[in-house]
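Visitor: Quick one, data.cif (mmCIF, C-alpha atoms and all ligand atoms):
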```cif
data_work
#
loop_
_atom_site.group_PDB
_atom_site.id
_atom_site.type_symbol
_atom_site.label_atom_id
_atom_site.label_comp_id
_atom_site.auth_asym_id
_atom_site.auth_seq_id
_atom_site.Cartn_x
_atom_site.Cartn_y
_atom_site.Cartn_z
ATOM 1 C CA MET A 24 117.331 4.339 86.583
ATOM 2 C CA ALA A 25 119.664 1.583 85.405
ATOM 3 C CA ILE A 26 123.038 2.364 83.956
ATOM 4 C CA THR A 27 124.792 -0.131 81.722
ATOM 5 C CA LEU A 28 127.996 -0.355 79.767
ATOM 6 C CA GLY A 29 127.452 0.257 76.069
ATOM 7 C CA PRO A 30 129.683 -0.556 73.113
ATOM 8 C CA ASN A 31 133.359 -0.372 73.970
ATOM 9 C CA GLN A 32 136.729 -1.222 72.504
ATOM 10 C CA TYR A 33 140.326 -0.645 73.428
ATOM 11 C CA GLY A 34 143.747 -0.921 71.889
ATOM 12 C CA LYS A 35 146.993 0.860 71.046
ATOM 13 C CA ALA A 36 146.623 3.745 68.636
ATOM 14 C CA GLU A 37 149.219 4.728 66.052
ATOM 15 C CA VAL A 38 152.075 2.325 66.660
ATOM 16 C CA ARG A 39 154.862 3.576 64.426
ATOM 17 C CA LEU A 40 156.612 0.645 62.756
ATOM 18 C CA VAL A 41 159.441 0.841 60.244
ATOM 19 C CA THR A 42 161.011 -2.317 58.873
ATOM 20 C CA VAL A 43 164.121 -2.700 56.751
ATOM 21 C CA ARG A 44 164.388 -5.861 54.688
ATOM 22 C CA ARG A 45 168.127 -6.355 54.358
ATOM 23 C CA ASP A 46 168.541 -9.580 52.400
ATOM 24 C CA GLY A 47 171.223 -8.065 50.165
ATOM 25 C CA PRO A 48 172.753 -4.707 49.371
ATOM 26 C CA VAL A 49 169.383 -3.359 48.187
ATOM 27 C CA HIS A 50 167.278 -2.586 51.238
ATOM 28 C CA HIS A 51 163.469 -2.507 51.250
ATOM 29 C CA LEU A 52 161.628 -0.141 53.546
ATOM 30 C CA LYS A 53 158.143 -0.386 55.022
ATOM 31 C CA ASP A 54 156.791 2.478 57.090
ATOM 32 C CA LEU A 55 153.503 1.825 58.847
ATOM 33 C CA THR A 56 151.248 3.327 61.480
ATOM 34 C CA VAL A 57 149.283 0.494 63.100
ATOM 35 C CA SER A 58 146.297 0.868 65.432
ATOM 36 C CA THR A 59 144.801 -2.120 67.222
ATOM 37 C CA SER A 60 141.359 -2.224 68.759
ATOM 38 C CA LEU A 61 139.838 -5.172 70.601
ATOM 39 C CA ARG A 62 136.228 -5.931 71.536
ATOM 40 C CA GLY A 63 134.650 -8.665 73.599
ATOM 41 C CA GLU A 64 133.699 -9.514 77.141
ATOM 42 C CA LEU A 65 135.225 -6.493 78.811
ATOM 43 C CA ALA A 66 132.566 -5.603 81.355
ATOM 44 C CA ALA A 67 134.667 -6.679 84.351
ATOM 45 C CA THR A 68 137.418 -4.120 83.907
ATOM 46 C CA HIS A 69 134.887 -1.335 83.360
ATOM 47 C CA LEU A 70 132.634 -2.281 86.258
ATOM 48 C CA THR A 71 135.052 -3.564 88.893
ATOM 49 C CA GLY A 72 138.565 -2.962 87.599
ATOM 50 C CA ASP A 73 139.201 -6.702 87.264
ATOM 51 C CA ASN A 74 141.787 -6.833 84.486
ATOM 52 C CA ALA A 75 142.033 -10.624 84.132
ATOM 53 C CA GLY A 76 140.695 -10.410 80.575
ATOM 54 C CA VAL A 77 142.483 -7.249 79.480
ATOM 55 C CA LEU A 78 145.357 -7.896 77.100
ATOM 56 C CA ALA A 79 147.351 -4.747 77.838
ATOM 57 C CA THR A 80 147.603 -2.205 75.066
ATOM 58 C CA ASP A 81 151.354 -2.318 75.714
ATOM 59 C CA THR A 82 151.274 -6.038 74.844
ATOM 60 C CA GLN A 83 149.291 -5.245 71.694
ATOM 61 C CA LYS A 84 152.015 -2.796 70.659
ATOM 62 C CA ASN A 85 154.748 -5.340 71.376
ATOM 63 C CA THR A 86 152.866 -7.930 69.317
ATOM 64 C CA VAL A 87 152.941 -5.595 66.320
ATOM 65 C CA TYR A 88 156.729 -5.308 66.563
ATOM 66 C CA ALA A 89 157.288 -9.022 67.232
ATOM 67 C CA PHE A 90 155.084 -10.045 64.300
ATOM 68 C CA ALA A 91 157.082 -7.707 62.059
ATOM 69 C CA LYS A 92 160.218 -9.664 62.967
ATOM 70 C CA GLU A 93 158.789 -13.189 62.965
ATOM 71 C CA ALA A 94 157.602 -13.032 59.334
ATOM 72 C CA PRO A 95 157.833 -10.442 56.565
ATOM 73 C CA VAL A 96 155.140 -7.800 57.042
ATOM 74 C CA GLY A 97 154.029 -8.173 53.419
ATOM 75 C CA GLU A 98 150.906 -6.334 52.307
ATOM 76 C CA ILE A 99 149.161 -4.309 54.995
ATOM 77 C CA GLU A 100 145.896 -6.233 54.518
ATOM 78 C CA ASP A 101 147.644 -9.552 55.261
ATOM 79 C CA PHE A 102 149.508 -8.091 58.237
ATOM 80 C CA GLY A 103 146.234 -6.745 59.631
ATOM 81 C CA LEU A 104 144.480 -10.090 59.169
ATOM 82 C CA ARG A 105 147.343 -11.914 60.934
ATOM 83 C CA LEU A 106 147.255 -9.564 63.904
ATOM 84 C CA ALA A 107 143.455 -9.654 64.188
ATOM 85 C CA ARG A 108 143.362 -13.462 64.080
ATOM 86 C CA HIS A 109 146.118 -13.644 66.687
ATOM 87 C CA PHE A 110 144.297 -11.441 69.193
ATOM 88 C CA VAL A 111 140.908 -13.102 68.709
ATOM 89 C CA GLY A 112 142.416 -16.584 68.535
ATOM 90 C CA THR A 113 144.554 -16.381 71.666
ATOM 91 C CA GLN A 114 142.437 -14.345 74.105
ATOM 92 C CA GLU A 115 139.348 -16.161 75.257
ATOM 93 C CA ASN A 116 137.249 -13.088 76.006
ATOM 94 C CA ILE A 117 138.288 -11.120 72.911
ATOM 95 C CA LYS A 118 135.638 -11.732 70.247
ATOM 96 C CA GLY A 119 136.491 -9.090 67.705
ATOM 97 C CA ALA A 120 139.411 -6.990 66.529
ATOM 98 C CA ARG A 121 139.899 -4.035 64.251
ATOM 99 C CA ILE A 122 143.386 -3.346 62.926
ATOM 100 C CA LYS A 123 143.913 -0.087 61.074
ATOM 101 C CA ILE A 124 147.134 0.417 59.140
ATOM 102 C CA ASP A 125 148.419 3.412 57.207
ATOM 103 C CA GLU A 126 151.383 2.884 54.913
ATOM 104 C CA HIS A 127 153.669 5.823 54.225
ATOM 105 C CA GLY A 128 155.535 5.664 50.931
ATOM 106 C CA TRP A 129 159.248 6.157 50.369
ATOM 107 C CA ASP A 130 160.989 6.596 47.000
ATOM 108 C CA ARG A 131 164.580 5.700 46.371
ATOM 109 C CA ILE A 132 166.838 8.715 45.966
ATOM 110 C CA ALA A 133 168.224 8.860 42.440
ATOM 111 C CA VAL A 134 172.010 9.205 42.448
ATOM 112 C CA GLY A 135 173.380 9.951 38.996
ATOM 113 C CA GLY A 136 169.972 8.841 37.682
ATOM 114 C CA GLU A 137 170.149 5.422 39.432
ATOM 115 C CA PRO A 138 167.938 4.459 42.392
ATOM 116 C CA HIS A 139 170.037 4.230 45.532
ATOM 117 C CA ASP A 140 170.236 0.962 47.498
ATOM 118 C CA HIS A 141 169.491 2.348 50.927
ATOM 119 C CA ALA A 142 168.668 6.082 50.749
ATOM 120 C CA PHE A 143 165.087 7.250 50.402
ATOM 121 C CA SER A 144 162.900 10.336 50.273
ATOM 122 C CA ARG A 145 159.321 10.432 51.578
ATOM 123 C CA SER A 146 156.838 10.091 48.725
ATOM 124 C CA GLY A 147 154.605 12.909 49.926
ATOM 125 C CA ASP A 148 151.276 13.120 51.701
ATOM 126 C CA GLU A 149 149.588 10.144 50.083
ATOM 127 C CA ARG A 150 149.005 7.076 52.258
ATOM 128 C CA ARG A 151 147.694 3.626 51.518
ATOM 129 C CA THR A 152 145.326 2.459 54.243
ATOM 130 C CA THR A 153 143.518 -0.621 55.427
ATOM 131 C CA ALA A 154 141.112 -1.470 58.232
ATOM 132 C CA VAL A 155 140.645 -5.162 58.935
ATOM 133 C CA SER A 156 137.677 -6.103 61.118
ATOM 134 C CA LEU A 157 137.301 -9.566 62.562
ATOM 135 C CA GLN A 158 134.195 -10.780 64.324
ATOM 136 C CA GLY A 159 134.483 -14.380 65.416
ATOM 137 C CA ASP A 160 135.973 -15.974 62.321
ATOM 138 C CA ARG A 161 134.459 -13.597 59.760
ATOM 139 C CA ALA A 162 136.706 -10.878 58.363
ATOM 140 C CA TRP A 163 136.033 -7.671 56.464
ATOM 141 C CA VAL A 164 138.763 -5.727 54.702
ATOM 142 C CA VAL A 165 138.304 -2.057 53.835
ATOM 143 C CA SER A 166 141.293 -0.479 52.128
ATOM 144 C CA GLY A 167 141.888 2.936 50.721
ATOM 145 C CA ILE A 168 143.899 6.022 49.987
ATOM 146 C CA ASP A 169 144.360 9.213 52.000
ATOM 147 C CA GLY A 170 145.830 12.539 50.951
ATOM 148 C CA LEU A 171 145.982 12.047 47.191
ATOM 149 C CA THR A 172 145.877 15.635 45.911
ATOM 150 C CA LEU A 173 144.633 16.114 42.356
ATOM 151 C CA LEU A 174 144.062 19.111 40.122
ATOM 152 C CA LYS A 175 142.856 19.657 36.585
ATOM 153 C CA SER A 176 143.253 23.098 35.082
ATOM 154 C CA THR A 177 140.288 22.811 32.713
ATOM 155 C CA GLY A 178 137.546 20.305 31.846
ATOM 156 C CA SER A 179 135.404 21.371 34.807
ATOM 157 C CA GLU A 180 132.219 23.446 34.855
ATOM 158 C CA PHE A 181 129.673 24.346 37.504
ATOM 159 C CA HIS A 182 126.380 25.975 36.560
ATOM 160 C CA GLY A 183 122.631 25.483 36.656
ATOM 161 C CA PHE A 184 122.445 25.640 40.453
ATOM 162 C CA PRO A 185 119.567 27.515 42.134
ATOM 163 C CA ARG A 186 119.965 31.216 42.805
ATOM 164 C CA ASP A 187 118.294 32.615 45.884
ATOM 165 C CA GLU A 188 118.755 35.900 47.713
ATOM 166 C CA TYR A 189 122.042 34.687 49.212
ATOM 167 C CA THR A 190 123.663 33.352 46.035
ATOM 168 C CA THR A 191 126.693 35.217 44.756
ATOM 169 C CA LEU A 192 128.653 32.416 43.075
ATOM 170 C CA ALA A 193 129.102 33.025 39.355
ATOM 171 C CA GLU A 194 128.318 30.234 36.951
ATOM 172 C CA THR A 195 131.396 28.914 35.174
ATOM 173 C CA ASP A 196 132.071 26.737 32.167
ATOM 174 C CA ASP A 197 135.803 26.574 32.819
ATOM 175 C CA ARG A 198 137.351 26.329 36.250
ATOM 176 C CA ILE A 199 140.147 24.582 38.109
ATOM 177 C CA LEU A 200 138.979 21.403 39.820
ATOM 178 C CA ALA A 201 141.180 20.305 42.709
ATOM 179 C CA THR A 202 140.710 17.877 45.571
ATOM 180 C CA ALA A 203 142.531 15.680 48.063
ATOM 181 C CA VAL A 204 141.062 12.192 47.758
ATOM 182 C CA THR A 205 140.068 10.167 50.790
ATOM 183 C CA ALA A 206 138.891 6.841 49.374
ATOM 184 C CA ARG A 207 137.785 3.625 51.034
ATOM 185 C CA TRP A 208 136.715 0.463 49.283
ATOM 186 C CA ARG A 209 135.300 -2.691 50.776
ATOM 187 C CA TYR A 210 136.556 -6.009 49.513
ATOM 188 C CA GLU A 211 134.622 -9.212 49.240
ATOM 189 C CA GLY A 212 136.856 -12.154 50.093
ATOM 190 C CA GLU A 213 140.494 -12.428 51.064
ATOM 191 C CA ASP A 214 142.031 -14.295 48.159
ATOM 192 C CA ILE A 215 143.104 -11.045 46.565
ATOM 193 C CA ASP A 216 146.369 -9.657 45.224
ATOM 194 C CA TRP A 217 146.146 -6.617 47.493
ATOM 195 C CA ALA A 218 149.030 -4.684 45.940
ATOM 196 C CA GLU A 219 147.788 -5.138 42.387
ATOM 197 C CA SER A 220 144.237 -4.292 43.399
ATOM 198 C CA HIS A 221 145.363 -1.096 45.144
ATOM 199 C CA ARG A 222 147.473 -0.078 42.140
ATOM 200 C CA GLU A 223 144.630 -0.647 39.671
ATOM 201 C CA ILE A 224 141.972 1.085 41.786
ATOM 202 C CA ARG A 225 144.265 4.080 42.183
ATOM 203 C CA ARG A 226 144.915 4.148 38.422
ATOM 204 C CA LEU A 227 141.194 3.930 37.624
ATOM 205 C CA MET A 228 140.347 6.793 39.967
ATOM 206 C CA LEU A 229 143.154 8.997 38.628
ATOM 207 C CA GLU A 230 142.308 8.306 34.984
ATOM 208 C CA THR A 231 138.640 9.012 35.597
ATOM 209 C CA PHE A 232 139.413 12.275 37.391
ATOM 210 C CA ALA A 233 141.605 13.330 34.469
ATOM 211 C CA THR A 234 139.352 12.303 31.595
ATOM 212 C CA LYS A 235 135.801 12.785 32.865
ATOM 213 C CA HIS A 236 134.527 16.202 31.789
ATOM 214 C CA SER A 237 133.103 17.459 35.060
ATOM 215 C CA LEU A 238 129.821 19.333 35.542
ATOM 216 C CA SER A 239 130.164 19.013 39.321
ATOM 217 C CA LEU A 240 132.549 17.403 41.778
ATOM 218 C CA GLN A 241 129.606 15.173 42.716
ATOM 219 C CA GLN A 242 129.505 13.862 39.132
ATOM 220 C CA THR A 243 133.260 13.253 39.207
ATOM 221 C CA LEU A 244 132.939 11.445 42.549
ATOM 222 C CA TYR A 245 130.308 9.074 41.176
ATOM 223 C CA ALA A 246 132.290 8.433 37.991
ATOM 224 C CA MET A 247 135.426 7.567 39.987
ATOM 225 C CA GLY A 248 133.563 5.038 42.129
ATOM 226 C CA GLU A 249 131.667 3.617 39.172
ATOM 227 C CA ALA A 250 134.903 3.066 37.228
ATOM 228 C CA VAL A 251 136.296 1.038 40.120
ATOM 229 C CA LEU A 252 133.164 -1.091 40.556
ATOM 230 C CA LYS A 253 132.890 -1.792 36.829
ATOM 231 C CA ALA A 254 136.475 -2.984 36.529
ATOM 232 C CA ARG A 255 137.197 -4.636 39.886
ATOM 233 C CA GLU A 256 134.882 -7.443 40.870
ATOM 234 C CA GLU A 257 136.635 -7.917 44.224
ATOM 235 C CA VAL A 258 135.264 -4.523 45.333
ATOM 236 C CA ALA A 259 131.694 -4.288 46.663
ATOM 237 C CA GLU A 260 131.502 -0.647 47.679
ATOM 238 C CA VAL A 261 133.481 2.578 47.327
ATOM 239 C CA ARG A 262 133.257 5.609 49.605
ATOM 240 C CA LEU A 263 134.825 8.910 48.669
ATOM 241 C CA SER A 264 135.349 12.149 50.533
ATOM 242 C CA LEU A 265 136.421 14.932 48.198
ATOM 243 C CA PRO A 266 137.121 18.423 49.491
ATOM 244 C CA ASN A 267 136.599 21.007 46.771
ATOM 245 C CA LYS A 268 139.889 22.881 46.961
ATOM 246 C CA HIS A 269 138.644 26.137 45.551
ATOM 247 C CA HIS A 270 140.838 28.158 43.207
ATOM 248 C CA PHE A 271 139.370 31.614 42.809
ATOM 249 C CA LEU A 272 140.148 33.800 39.835
ATOM 250 C CA VAL A 273 141.988 36.902 41.010
ATOM 251 C CA ASP A 274 140.400 40.175 39.930
ATOM 252 C CA LEU A 275 143.199 41.914 38.060
ATOM 253 C CA SER A 276 140.985 44.670 36.618
ATOM 254 C CA PRO A 277 142.204 47.278 39.168
ATOM 255 C CA PHE A 278 145.579 46.937 37.450
ATOM 256 C CA GLY A 279 144.069 47.200 33.966
ATOM 257 C CA LEU A 280 144.831 43.495 33.398
ATOM 258 C CA LYS A 281 142.552 40.806 31.990
ATOM 259 C CA ASN A 282 142.569 37.431 33.743
ATOM 260 C CA ASP A 283 141.922 34.682 31.187
ATOM 261 C CA ASN A 284 141.770 31.840 33.704
ATOM 262 C CA GLU A 285 145.482 32.113 34.390
ATOM 263 C CA VAL A 286 145.953 33.659 37.846
ATOM 264 C CA PHE A 287 144.213 32.094 40.849
ATOM 265 C CA TYR A 288 144.059 32.412 44.588
ATOM 266 C CA ALA A 289 144.211 28.915 46.150
ATOM 267 C CA ALA A 290 141.830 29.193 49.092
ATOM 268 C CA ASP A 291 142.564 27.154 52.207
ATOM 269 C CA ARG A 292 139.174 27.283 53.940
ATOM 270 C CA PRO A 293 136.280 27.043 53.962
ATOM 271 C CA TYR A 294 136.022 24.331 51.348
ATOM 272 C CA GLY A 295 133.140 22.409 49.868
ATOM 273 C CA LEU A 296 133.116 18.812 51.063
ATOM 274 C CA ILE A 297 131.567 16.331 48.663
ATOM 275 C CA GLU A 298 131.087 12.800 50.013
ATOM 276 C CA GLY A 299 129.345 9.736 48.685
ATOM 277 C CA THR A 300 129.037 5.971 48.494
ATOM 278 C CA ILE A 301 128.887 3.990 45.260
ATOM 279 C CA LEU A 302 127.954 0.342 45.618
ATOM 280 C CA ARG A 303 126.788 -2.792 43.895
ATOM 281 C CA ASP A 304 123.159 -3.638 44.562
ATOM 282 C CA ASP A 305 124.098 -7.307 45.091
ATOM 283 C CA ALA A 306 126.918 -6.632 47.585
ATOM 284 C CA GLU A 307 127.200 -8.794 50.686
ATOM 285 C CA ASP A 308 126.519 -7.242 54.086
ATOM 286 C CA ALA A 309 128.992 -4.542 54.990
ATOM 287 C CA GLY A 310 129.985 -5.931 58.378
ATOM 288 C CA PRO A 311 130.789 -3.694 61.330
ATOM 289 C CA ALA A 312 130.253 0.007 60.737
ATOM 290 C CA TRP A 313 133.076 1.678 58.873
ATOM 291 C CA ASP A 314 133.675 5.203 57.841
ATOM 292 C CA LEU A 315 136.069 7.248 55.822
ATOM 293 C CA HIS A 316 138.408 8.267 58.615
HETATM 294 O O1 LIG B 1 131.297 20.844 42.046
HETATM 295 C C1 LIG B 1 130.719 21.609 42.851
HETATM 296 N N1 LIG B 1 129.695 21.151 43.599
HETATM 297 C C2 LIG B 1 129.025 21.924 44.503
HETATM 298 O O2 LIG B 1 128.058 21.461 45.183
HETATM 299 C C3 LIG B 1 129.450 23.264 44.637
HETATM 300 N N2 LIG B 1 129.030 24.299 45.416
HETATM 301 C C4 LIG B 1 129.835 25.354 45.138
HETATM 302 O O3 LIG B 1 129.767 26.493 45.685
HETATM 303 N N3 LIG B 1 130.746 25.024 44.181
HETATM 304 C C5 LIG B 1 130.522 23.728 43.845
HETATM 305 N N4 LIG B 1 131.155 22.901 42.981
#
```
Show the structure stored in the file as structure tokens.
Guide:
Amino acid sequence: MAITLGPNQYGKAEVRLVTVRRDGPVHHLKDLTVSTSLRGELAATHLTGDNAGVLATDTQKNTVYAFAKEAPVGEIEDFGLRLARHFVGTQENIKGARIKIDEHGWDRIAVGGEPHDHAFSRSGDERRTTAVSLQGDRAWVVSGIDGLTLLKSTGSEFHGFPRDEYTTLAETDDRILATAVTARWRYEGEDIDWAESHREIRRLMLETFATKHSLSLQQTLYAMGEAVLKAREEVAEVRLSLPNKHHFLVDLSPFGLKNDNEVFYAADRPYGLIEGTILRDDAEDAGPAWDLH
């Protein structure tokens, strides 16, 4: 029996980085969680403990902080590309890098209706994400959104599904549809206005969720991805993970009350989990494996 080393990677996970741009009285905040992961000729450290080719994860973390000082962080996609190219370009045995970045939003606190210069409140659960993969000199950028919670109080039906001996779910032509969007989209190219692209993709997905009359969350999922691919030629593929955050009608009949779709119990778990990929048939190869999380 021969034992060999299989695929491996290493890096620093979840480096918390906050920058304050203070080029005047109005400060600008960036709040990121950065994870680095390097691949390459790393057999020696695994097989013999020879660390001559191991750029320490502590150094990777320090590089994140130093890069944030040496030039403005800018858009997370550009920051990820810079870091990936640095690691692959400066370490002989490192052949690939994957930099994952989550951006946490902050809103300015309104004081007397005016946005404050340097006081902020966290925007909520939603995060903008990117994962930059570099292999040799080829790069892939997959960006996305996490934790975008949506709800529509009508315009959603679910019926026509098979009924077997275990089916109890009632058919409905009017229900609450709620989800927390995890979205990833793969870009083709790098000459992209990342911020504008993110803003427009987000808008397209939200508008589609709101306006598409839904016969299933699956149908809504496809429509959201299709809207993005139709409007944004820089995007080759969209992946969505949509938990069905069930809202069950409360039975008020014991109290002699009728419930006309007004009083719901928001269930926590279990939840349906609807996931899918929508892609162009002429898209370039997807690069290293990527997933939604
Ligand atoms: O939109 C839905 N899709 C399903 O597959 C499903 N299954 C279920 O119980 N409720 C729903 N809703």
Visitor: Which of these, A:Asp81, A:Asp125, A:Glu285, A:Glu115, has the shortest distance to Arg39 of chain A once you count only C-alpha atoms?
Guide: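 When distances to Arg39 of chain A are compared using only C-alpha atoms, the smallest one comes from A:Asp125.
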Visitor: List the residues sitting within 12 Å of (160.4, 10.5, 47.4) in the file's frame, using only C-alpha atoms, as a ChimeraX atom specification.
Guide: /A:127-133,138-139,142-149
Visitor: Padding of 4 Å on every side, edges along x, y and z, all listed atoms of ligand LIG 1 (chain B) included: what centre and edge lengths in Å, to one decimal, does that box have, as lines of an AutoDock Vina configuration file?
Guide:
```
center_x = 129.7
center_y = 23.7
center_z = 43.9
size_x = 11.2
size_y = 13.6
size_z = 11.6
```
Visitor: Applied to the shown file, which residues does the PyMOL selection byres (((chain A and resi 60-63) around 7) and not hetatm) return, written as a list of chain:residue names?
Guide: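 Against this file, the PyMOL selection byres (((chain A and resi 60-63) around 7) and not hetatm) returns the residues A:Asn31, A:Gln32, A:Tyr33, A:Gly34, A:Lys35, A:Ser58, A:Thr59, A:Glu64, A:Leu65, A:Asn116, A:Ile117, A:Lys118, A:Gly119, A:Ala120, A:Arg121, A:Ile122.
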Visitor: Residues contacting ligand LIG 1 (chain B) - anything with an atom at most 12 Å away, using all atoms listed in the file - can you give me those as JSON, numbers by chain?
Guide: {"A": [178, 179, 180, 181, 182, 183, 184, 185, 186, 189, 190, 191, 192, 193, 194, 195, 196, 197, 198, 199, 200, 201, 202, 236, 237, 238, 239, 240, 241, 242, 243, 244, 245, 265, 266, 267, 268, 269, 270, 271, 293, 294, 295, 296, 297, 298]}
